[in-house]
Amino acid sequence: SESPKETMDYINDHDKDNNQTNDRPTPSLHRAVFLHYLRCTWFAQVVYVISSLARVGQAIALGMLIEQFSFTEYNDDGRNDTASPSNVRRGYGYAGILVVCGIVFLLCKQRQFFITYRHGMHLRIGFVGAIYAKLLRLNSISSVTDSIPSGRIMNIASNDVERFLHASNLIMFLFWSPIEAIGVLILGIHVIGLSFVAGYGLLLLFVPLQFYLGKRFATLRSNVAAITDSRVNLVSQAVSGVRVMKMNGWECEFNQRIAKIRGHEMSKVLKASRKVISH
């Protein structure tokens, strides 16, 4: 994995040229972050595939082990031969596969989480550095800086970049989960039969509901971000003009305005949290 400084330099390189040329496409931050993510977490992708195979193997071994206990076998004399040495060895074999797959899944899952979480931290630090470098290039008396409140910049640098840390752990499920789901469907039909499709189809019915709740939660988070920007901007104004506020006795008025915005913000946060719980 690359260092945070290399991550910041990679992001800044895609932000220098904003003009489209004939031999170079328009710079895209989304494309740059996605390509950088694939380049730095390719080993985590391999580890995730191994952990997924181990998890599927663990489920198959558990089913075969349970089936081994309910299996009844008779010898040529008509006696129960379930506890024969061959059946006992087969049961121990399934139990060993179950344990080995569990160990492999545990080791691979922790390694994959470590790689993606570290890359998410690098992205967060890199974006904070890119925001700081962008601010240094802005003219302090231009209309651009006047149209962007300081609260919004502080909210982006403190809260919004934190999403990259969580997205770095979960983004790989976006393109690996459909492949894994198709593999489980084929394996379930092969092991259980066509009756597996009925239960699998019931799970697929919840996918549109998940999409709706996710979209609704994103809308609520956007509303919360807008309110947070206004609150942080008001607090920044109060801190920067604390002498004028004290001299004119505006403490109570600013306190009431901040408390009102904070109460509105908390109501939106609680509403979004309820959406997460229902999700």
# chains A, B, ... in the order shown; residues from 1 in each chain; ligands from 1
>>> closest_atom_pairs(of="range 161-201 of chain A", to="range 24-40 of chain A", cutoff="12 Å", atoms="only C-alpha atoms", output="tab-separated table")
residue	atom	partner	partner_atom	distance
A:Phe164	CA	A:Val33	CA	10.0
A:Leu165	CA	A:Tyr37	CA	11.9
A:Ala167	CA	A:Tyr37	CA	10.8
A:Ser168	CA	A:Tyr37	CA	8.1
A:Asn169	CA	A:Tyr37	CA	10.9
A:Ile171	CA	A:Tyr37	CA	9.7
A:Met172	CA	A:Leu38	CA	9.4
>>> write_last_selection(atoms="N, CA, C and O atoms", output="compact mmCIF listing (two decimals), in the first residue's frame")
# COMPACT_ATOMS: atom_id res chain seq x y z
N PHE A 164 -14.85 7.89 3.28
CA PHE A 164 -13.93 7.08 2.49
C PHE A 164 -13.32 5.96 3.33
O PHE A 164 -12.98 4.90 2.80
N LEU A 165 -13.18 6.19 4.63
CA LEU A 165 -12.64 5.16 5.51
C LEU A 165 -13.57 3.97 5.60
O LEU A 165 -13.13 2.81 5.56
N ALA A 167 -16.11 3.36 3.35
CA ALA A 167 -16.35 2.85 2.00
C ALA A 167 -15.21 1.96 1.52
O ALA A 167 -15.43 1.04 0.73
N SER A 168 -14.01 2.21 1.99
CA SER A 168 -12.87 1.39 1.57
C SER A 168 -13.02 -0.06 2.01
O SER A 168 -12.56 -0.98 1.32
N ASN A 169 -13.70 -0.29 3.14
CA ASN A 169 -13.92 -1.66 3.61
C ASN A 169 -15.07 -2.36 2.91
O ASN A 169 -15.10 -3.58 2.82
N ILE A 171 -16.59 -1.31 -0.29
CA ILE A 171 -16.81 -1.10 -1.72
C ILE A 171 -16.57 -2.37 -2.52
O ILE A 171 -17.17 -2.56 -3.59
N MET A 172 -15.71 -3.26 -2.04
CA MET A 172 -15.42 -4.47 -2.81
C MET A 172 -16.63 -5.41 -2.86
O MET A 172 -16.75 -6.21 -3.79
>>> residues_around(residues="range 92-107 of chain A", least_positions_apart="5", cutoff="9 Å", atoms="only C-alpha atoms", output="short mmCIF file (atom, residue, chain, number, x, y, z; two decimals) with N, CA and C atoms, in the first residue's frame")
data_model
loop_
_atom_site.label_atom_id
_atom_site.label_comp_id
_atom_site.auth_asym_id
_atom_site.auth_seq_id
_atom_site.Cartn_x
_atom_site.Cartn_y
_atom_site.Cartn_z
N TYR A 48 -9.94 -11.83 -0.23
CA TYR A 48 -11.40 -11.93 -0.06
C TYR A 48 -11.96 -13.13 -0.82
N ILE A 50 -10.37 -15.90 -1.43
CA ILE A 50 -9.99 -17.09 -0.65
C ILE A 50 -10.90 -17.25 0.57
N SER A 51 -11.19 -16.15 1.26
CA SER A 51 -12.07 -16.23 2.43
C SER A 51 -13.49 -16.63 2.04
N SER A 52 -13.96 -16.19 0.87
CA SER A 52 -15.29 -16.58 0.41
C SER A 52 -15.34 -18.07 0.09
N LEU A 53 -14.30 -18.58 -0.57
CA LEU A 53 -14.25 -20.01 -0.86
C LEU A 53 -14.17 -20.82 0.43
N ALA A 54 -13.41 -20.33 1.41
CA ALA A 54 -13.33 -21.04 2.69
C ALA A 54 -14.67 -21.04 3.41
N ARG A 55 -15.41 -19.95 3.30
CA ARG A 55 -16.72 -19.89 3.95
C ARG A 55 -17.71 -20.85 3.29
N VAL A 56 -17.67 -20.93 1.97
CA VAL A 56 -18.54 -21.89 1.28
C VAL A 56 -18.14 -23.31 1.61
N GLY A 57 -16.82 -23.58 1.62
CA GLY A 57 -16.36 -24.91 1.99
C GLY A 57 -16.73 -25.28 3.41
N GLN A 58 -16.72 -24.31 4.31
CA GLN A 58 -17.12 -24.54 5.69
C GLN A 58 -18.59 -24.93 5.78
N ALA A 59 -19.44 -24.27 5.00
CA ALA A 59 -20.86 -24.61 5.01
C ALA A 59 -21.11 -26.01 4.46
N ILE A 60 -20.39 -26.37 3.38
CA ILE A 60 -20.55 -27.72 2.80
C ILE A 60 -20.07 -28.78 3.78
N ALA A 61 -18.91 -28.54 4.43
CA ALA A 61 -18.39 -29.51 5.39
C ALA A 61 -19.31 -29.67 6.59
N LEU A 62 -19.93 -28.58 7.03
CA LEU A 62 -20.87 -28.67 8.15
C LEU A 62 -22.09 -29.49 7.77
N MET A 64 -22.23 -31.88 5.45
CA MET A 64 -21.83 -33.28 5.33
C MET A 64 -21.59 -33.91 6.70
N LEU A 65 -21.09 -33.12 7.66
CA LEU A 65 -20.87 -33.65 9.01
C LEU A 65 -22.20 -33.95 9.69
N GLN A 68 -23.63 -37.00 8.26
CA GLN A 68 -22.91 -38.19 8.69
C GLN A 68 -23.50 -38.76 9.98
N ASN A 87 -16.47 -44.88 8.46
CA ASN A 87 -17.40 -43.78 8.71
C ASN A 87 -16.87 -42.81 9.76
N GLN A 112 -7.72 -8.94 5.05
CA GLN A 112 -8.44 -8.10 4.10
C GLN A 112 -8.96 -6.83 4.77
#
>>> residues_around(residues="Lys260 in chain A", least_positions_apart="5", cutoff="12 Å", atoms="only C-alpha atoms", output="PyMOL selection string")
chain A and resi 227-228+230-231+234+253-255+265-267
>>> atom_distance(atom1="CA of Leu203 in chain A", atom2="CA of Phe173 in chain A")
17.1 Å
